[in-house]
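Visitor: Have a look at this one before I ask anything.
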Amino acid sequence: MAEIVLTADRTMMSDYHGREFLGFGATSPAVGVPEFIFSWLFFPKMKGLNGVAPQAPYGLRKIEAKLMEDGFDVVTIPPHSIGKYTDDMKVMLITGHDYLGLGPPSTTFASLLKKEPMNAVSFKRFMTSPDMRKAKKNGVRVIVGGPGTWQFKVRESYLEKFGIDCVVEGEAENVISNLVKRALEGEELPKFVNGDDYYPTVDEIPEIKNPSINGLVEIGRGCPKGCSFCSVTRKPIRWYPLEKIRREIEVNVRSGIKVGILHSDDVFLYGSKSFIPNENKIFDLISLASSHYSKLALSHVSLASVVYLKNLMPVLADTILSSQPFWGAEVGIETGSVRLAEIIMKNKARPFDVSRWPELVGEAFGIMHDCRMIPAATLIVGLPEETEEDILKTIELVENLRDYRSLIVPLFFVPLGLLKKNDWFLARDIREEHIELLKICLKHDMRWAKDITREYFDGMWYSPILKMGFKLFFRGVERLFRKYGIPVQ
Ligand code: SF4
């Protein structure tokens with residue numbers, strides 16, 4: 001048995017029924033239906049193949065690949081298989097997006113619903129499980145990484161509570177092998193290591209050797225826009241050549257994965273060294289991915305890029321929609337106020353002028369609606385410099401987006417990036433205008449979520465059961481909001 005084990009808690013180690021967006025449900029407390037149904041609906045338990053994970057989070061696969069290339073014997077497992085490895089394991093590596101439920105969606109839902117979000121519940125359960133206790137008793141060294149590591153800096157007491165020896169922030173490729181070697185040799189590990197101080201170049205970033213969850217592959221790293229609230233600070237932009245992307249897609253396809261996701265902070269900036277999308281490179285990228293996957297989604301695109309690509313969007317849609325009813329991507333609206341946009345994200349509208357922000361958002365939503373792309377959009381509520389007028393502008397914008405098939409999620413401000421010295425925004429800080437905004441978003445989302453789920457679950461043998469489960473969930477949520485005097489119809 002391998003001495004080095006890689007894993008994540010159940011909310012991270014799930015294939016979300018092949019519908020990646022469902023994973024977002026883990027940022028909420030279990031509501032509307034009992035917890036076991038909620039968990040099955042949003043993050044079903046991954047079936048292990050003899051204790052090995054058939055798919056794993058992409059970031060974990062990168063670390064697995066790096067360790068394999070450096071000659072370590074590693075295995076990646078679903079969390080419930082840990083008992084099989086406790087006797088031989090020496091080092092455990094864990095990844096997490098939102099370990100303690102402090103990310104913007106989790107904070108919002110937890111604060112409003114006054115209950116711990118499922119991602120935090122699940123991680124705590126895993127770290128305090130009898131198998132995990134046994135592993136720690138046997139002297140296993142625990143190293144955590146992934147986008148959620150900043151949370152251990154603001155809640156350091158959890159390191160001791162959960163027996164975590166070392167936290168690796170940022171990109172870990174150039175530091176992880178040394179840390180694992182030191183852990184195996186019984187050396188003391190530093191509490192925190194910042195991998196971003198040792199950025200890997202494109203050539204130093206290994207290619208995954210085993211399948212990633214829902215066929216997700218990264219196409220590059222970094223974002224040039226530098227929004228002040230964002231934790232993706234100004235990392236150097238590194239786009240992967242198409243050949244590297246193709247080889248990773250083939251790893252997934254060979255294992256039988258038919259769906260895929262292209263991942264970067266703005267997929268439509270692929271291959272560009274500026275704020276201007278490169279149409280040829282995007283077309284080649286989408287053609288490559290569509291020729292391998294029968295269903296394709298994009299992790300994130302910027303609304304400005306969508307508007308810039310308004311002539312290419314129908315061509316991309318034609319390429320992708322030959323075998324799926326719609327495609328999706330996450331987008332950031334953040335605010336409807338030009339004044340606020342100028343302060344916190346003056347480059348987000350590039351290559352257009354930020355003074356056109358609400359107009360650009362409307363135009364992008366229209367283009368996406370016509371091209372059957374469903375955006376899952378975020379808004380930030382309670383930004384440090386936000387005024388009543390700013391909130392009213394955002395309300396006006398959301399009302400204008402009423403007829404576009406989309407989900408719009410208002411998230412409470414969490415101090416990250418350049419704004420990390422500011423205060424958290426919590427339910428106690430809510431003003432009347434915020435409540436109005438939340439209600440409008442809720443109505444919008446309930447309307448379109450019902451519409452989207454009619455087709456979203458097609459193509460699985462248990463689609464009818466899943467659809468029924470979500471029907472019950474929507475009813476439960478509506479009941480809950482009515483209880484608080486919030487009509488959702
Ligand atoms: S919010 Fe999006 S556009 Fe802005 S810096 Fe972060 S990743 Fe880039």
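Residues are referred to by chain and number: the chain letter is A, B, ... according to the order shown in the structure tokens, the number counts from 1 in that chain, and ligands are numbered separately from 1 in the order shown.
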Per residue of region 58-79 of chain A within 9 Å of region 13-21 of chain A, what are the shortest atom pair and its distance in Å to one decimal, counting only C-alpha atoms, with rows by chain and residue number, as CSV?

Guide:
residue,atom,partner,partner_atom,distance
A:Ile77,CA,A:Met13,CA,8.8
A:Pro78,CA,A:Met13,CA,6.3
A:Pro79,CA,A:Met13,CA,7.6

Visitor: Residues at most 7 Å from ligand 1, using only C-alpha atoms and all ligand atoms? Could they come as a CSV table (one decimal) with all heavy atoms, in the first residue's frame?

Guide:
chain,number,residue,atom,x,y,z
A,223,CYS,N,-4.8,36.0,-14.1
A,223,CYS,CA,-5.8,36.9,-14.7
A,223,CYS,C,-5.2,38.3,-14.7
A,223,CYS,O,-4.6,38.7,-13.7
A,223,CYS,CB,-7.1,36.8,-13.8
A,223,CYS,SG,-8.3,38.1,-14.2
A,224,PRO,N,-5.4,39.0,-15.8
A,224,PRO,CA,-4.8,40.3,-15.9
A,224,PRO,C,-5.6,41.4,-15.3
A,224,PRO,O,-5.2,42.6,-15.3
A,224,PRO,CB,-4.7,40.5,-17.4
A,224,PRO,CG,-5.9,39.8,-18.0
A,224,PRO,CD,-6.1,38.6,-17.1
A,225,LYS,N,-6.8,41.1,-14.8
A,225,LYS,CA,-7.7,42.2,-14.5
A,225,LYS,C,-7.6,42.9,-13.1
A,225,LYS,O,-8.0,44.0,-13.0
A,225,LYS,CB,-9.2,41.8,-14.8
A,225,LYS,CG,-9.3,41.4,-16.2
A,225,LYS,CD,-10.7,41.4,-16.8
A,225,LYS,CE,-10.7,41.2,-18.3
A,225,LYS,NZ,-12.0,41.1,-18.9
A,226,GLY,N,-7.0,42.2,-12.2
A,226,GLY,CA,-6.7,42.8,-10.9
A,226,GLY,C,-7.8,43.4,-10.1
A,226,GLY,O,-7.6,44.4,-9.5
A,227,CYS,N,-9.0,42.8,-10.0
A,227,CYS,CA,-10.0,43.3,-9.2
A,227,CYS,C,-9.6,43.3,-7.7
A,227,CYS,O,-9.0,42.3,-7.3
A,227,CYS,CB,-11.3,42.5,-9.4
A,227,CYS,SG,-11.8,42.4,-11.1
A,230,CYS,N,-10.6,40.3,-5.2
A,230,CYS,CA,-10.4,38.9,-5.6
A,230,CYS,C,-9.1,38.3,-5.1
A,230,CYS,O,-8.0,39.0,-5.1
A,230,CYS,CB,-10.4,38.9,-7.2
A,230,CYS,SG,-10.1,37.3,-7.9
A,231,SER,N,-9.1,37.0,-4.8
A,231,SER,CA,-7.9,36.4,-4.3
A,231,SER,C,-7.0,35.9,-5.4
A,231,SER,O,-5.9,35.6,-5.2
A,231,SER,CB,-8.3,35.2,-3.4
A,231,SER,OG,-9.1,34.3,-4.2
A,232,VAL,N,-7.6,35.9,-6.7
A,232,VAL,CA,-6.7,35.6,-7.8
A,232,VAL,C,-5.9,36.9,-8.1
A,232,VAL,O,-6.3,37.7,-8.9
A,232,VAL,CB,-7.5,35.2,-9.1
A,232,VAL,CG1,-6.5,34.9,-10.2
A,232,VAL,CG2,-8.4,34.1,-8.8
A,233,THR,N,-4.9,37.1,-7.3
A,233,THR,CA,-4.1,38.4,-7.5
A,233,THR,C,-3.4,38.4,-8.8
A,233,THR,O,-3.6,37.5,-9.6
A,233,THR,CB,-3.1,38.6,-6.4
A,233,THR,OG1,-2.4,37.3,-6.2
A,233,THR,CG2,-3.8,39.0,-5.1
A,265,ASP,N,-9.6,31.6,-15.4
A,265,ASP,CA,-10.4,32.7,-14.9
A,265,ASP,C,-11.2,33.4,-15.9
A,265,ASP,O,-12.2,34.2,-15.6
A,265,ASP,CB,-9.5,33.6,-14.0
A,265,ASP,CG,-9.1,32.9,-12.8
A,265,ASP,OD1,-9.9,32.4,-12.0
A,265,ASP,OD2,-7.9,32.8,-12.5
A,302,SER,N,-15.5,36.1,-18.9
A,302,SER,CA,-15.8,37.5,-18.5
A,302,SER,C,-16.9,38.1,-19.4
A,302,SER,O,-17.0,37.7,-20.6
A,302,SER,CB,-14.6,38.4,-18.5
A,302,SER,OG,-14.3,38.8,-19.8
A,332,GLY,N,-18.9,37.1,-13.5
A,332,GLY,CA,-19.0,38.0,-12.4
A,332,GLY,C,-19.6,39.3,-12.8
A,332,GLY,O,-19.1,40.0,-13.6
A,345,MET,N,-13.0,47.4,-9.6
A,345,MET,CA,-12.7,46.5,-10.7
A,345,MET,C,-12.6,47.3,-12.0
A,345,MET,O,-13.3,47.0,-13.0
A,345,MET,CB,-13.8,45.4,-10.8
A,345,MET,CG,-15.2,45.9,-10.8
A,345,MET,SD,-16.4,44.5,-10.8
A,345,MET,CE,-17.7,45.2,-11.7
A,348,LYS,N,-12.3,45.3,-15.2
A,348,LYS,CA,-13.2,44.1,-15.5
A,348,LYS,C,-13.9,44.3,-16.8
A,348,LYS,O,-14.3,43.3,-17.5
A,348,LYS,CB,-14.2,43.9,-14.4
A,348,LYS,CG,-14.8,42.5,-14.4
A,348,LYS,CD,-15.2,42.1,-13.0
A,348,LYS,CE,-15.9,40.8,-13.0
A,348,LYS,NZ,-15.3,39.8,-12.2

Visitor: If we count only C-alpha atoms and set the cut-off at 10 Å, which residues sit around Ile245 (chain A), ignoring sequence neighbours fewer than 6 positions away in its own chain? Please answer as a VMD selection string.

Guide: chain A and resid 207 217 to 220 239 262 285 288 to 289

Visitor: So how far away is CA of Arg479 (chain A) from CA of Ile435 (chain A), in Å?

Guide: 18.0 Å

Visitor: Grab the CA of Ser177 (chain A) to CA of Met68 (chain A) distance for me, in Å with one decimal place.

Guide: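 Computing it gives 9.6 Å between the two atoms.
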
Visitor: Using only C-alpha atoms, can you tell me which of A:Leu242, A:Met92, A:Trp327, A:Glu204 comes closest to Glu69 (chain A)?

Guide: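 Residue with the minimum atom-to-atom distance to Glu69 (chain A): A:Glu204.
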
Visitor: Got a sec: who's within 10 Å of Val315 (chain A), counting only C-alpha atoms, leaving out chain neighbours fewer than 6 positions off, as a VMD selection string?

Guide: chain A and resid 283 321 371

Visitor: Choose the residue, out of A:Ile374, A:Ile395, A:Val144, A:Leu100, that has the smallest atom-to-atom separation from Val5 (chain A); count only C-alpha atoms.

Guide: A:Val144

Visitor: One decimal, Å: what's the distance from CA of Phe152 (chain A) over to CA of Leu67 (chain A), could you say?

Guide: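 So the two atoms, CA of Phe152 (chain A) and CA of Leu67 (chain A), lie 24.1 Å apart.
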
Visitor: Given only C-alpha atoms as the basis, pick out the residue of A:Glu116, A:Glu171, A:Glu455, A:Asp98 nearest to Pro29 (chain A).

Guide: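 The shortest atom-to-atom distance to Pro29 (chain A) comes from A:Glu116.
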
Visitor: Give me, as a list of chain:residue names, all polymer residues having an atom no more than 10 Å from Lys191 (chain A), counting only C-alpha atoms and skipping those fewer than 5 positions away in the same chain.

Guide: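 Counting only the stated atoms, we get A:Ile143, A:Lys153, A:Glu156, A:Leu159, A:Ile164, A:Asp165, A:Cys166, A:Val167, A:Val168.
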
Visitor: Write to file, as a tab-separated table (two decimals), in the first residue's frame, the residues of the selection just made, with C-alpha atoms.

Guide:
chain	number	residue	atom	x	y	z
A	143	ILE	CA	-0.52	18.61	4.50
A	153	LYS	CA	-4.66	31.81	8.37
A	156	GLU	CA	-5.32	29.10	12.87
A	159	LEU	CA	-4.61	23.38	12.56
A	164	ILE	CA	-2.81	19.57	10.27
A	165	ASP	CA	0.98	19.83	10.08
A	166	CYS	CA	1.45	22.10	7.08
A	167	VAL	CA	-0.64	24.42	4.88
A	168	VAL	CA	0.52	25.03	1.31

Visitor: Quick one: of A:Ile343, A:Ser28, A:Glu334, A:Ser406, who's nearest to Thr108 (chain A), counting only C-alpha atoms?

Guide: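 Residue with the minimum atom-to-atom distance to Thr108 (chain A): A:Ser28.
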
Visitor: Which residue is closest to Asn178 (chain A)? Choose from A:Asn311, A:Lys66, A:Tyr456, A:Leu6 and count only C-alpha atoms.

Guide: A:Lys66

Visitor: For Tyr199 (chain A), which residue among A:Gly459, A:Pro44, A:Pro34, A:Pro236 is the nearest when counting only C-alpha atoms?

Guide: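 Of A:Gly459, A:Pro44, A:Pro34, A:Pro236, the one nearest Tyr199 (chain A), counting only C-alpha atoms, is A:Pro236.
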
Visitor: Identify, with DSSP run on backbone atoms, the residues in region 9-68 of chain A assigned to helix (DSSP H, G or I), and express the list as an MDAnalysis selection string.

Guide: chainID A and resid 16:18 20:27 35:42 58:68

Visitor: Apply DSSP to the structure's backbone, then extract all residues of region 147-334 of chain A labelled strand (DSSP E or B) and return them as number ranges by chain.

Guide: A: 166-169, 192-194, 212, 216-218, 220-221, 238-239, 259-263, 295-298, 300, 327-334

Visitor: Set the distance at 10 Å and use only C-alpha atoms: which residues neighbour Phe352 (chain A) once local chain neighbours fewer than 5 positions away are removed? I'd like the list as a ChimeraX atom specification.

Guide: /A:275-276,304-305,307-308,347,357,360

Visitor: Can you tell me which residues surround Ala364 (chain A) at a distance of at most 7 Å, considering only C-alpha atoms, apart from same-chain residues fewer than 3 positions away, and format the answer as a CSV table (one decimal) with N, CA, C and O atoms, in the first residue's frame?

Guide:
chain,number,residue,atom,x,y,z
A,303,LEU,N,-17.8,38.9,-18.9
A,303,LEU,CA,-18.9,39.5,-19.6
A,303,LEU,C,-18.3,40.4,-20.7
A,303,LEU,O,-18.9,40.4,-21.8
A,306,VAL,N,-17.4,38.2,-23.6
A,306,VAL,CA,-18.6,37.8,-24.4
A,306,VAL,C,-19.0,38.8,-25.4
A,306,VAL,O,-19.3,38.5,-26.5
A,307,VAL,N,-19.1,40.1,-24.9
A,307,VAL,CA,-19.5,41.2,-25.8
A,307,VAL,C,-18.5,41.3,-26.9
A,307,VAL,O,-18.9,41.5,-28.1
A,360,LEU,N,-22.9,46.8,-20.6
A,360,LEU,CA,-22.2,45.6,-21.1
A,360,LEU,C,-22.8,44.3,-20.5
A,360,LEU,O,-22.9,43.3,-21.2
A,361,VAL,N,-23.1,44.4,-19.3
A,361,VAL,CA,-23.7,43.2,-18.6
A,361,VAL,C,-25.0,42.8,-19.3
A,361,VAL,O,-25.2,41.6,-19.7
A,367,ILE,N,-26.6,38.2,-25.4
A,367,ILE,CA,-25.8,37.3,-26.3
A,367,ILE,C,-25.9,35.9,-25.8
A,367,ILE,O,-26.1,34.9,-26.6
A,368,MET,N,-25.6,35.7,-24.5
A,368,MET,CA,-25.6,34.3,-24.0
A,368,MET,C,-26.9,33.7,-24.1
A,368,MET,O,-27.0,32.5,-24.4
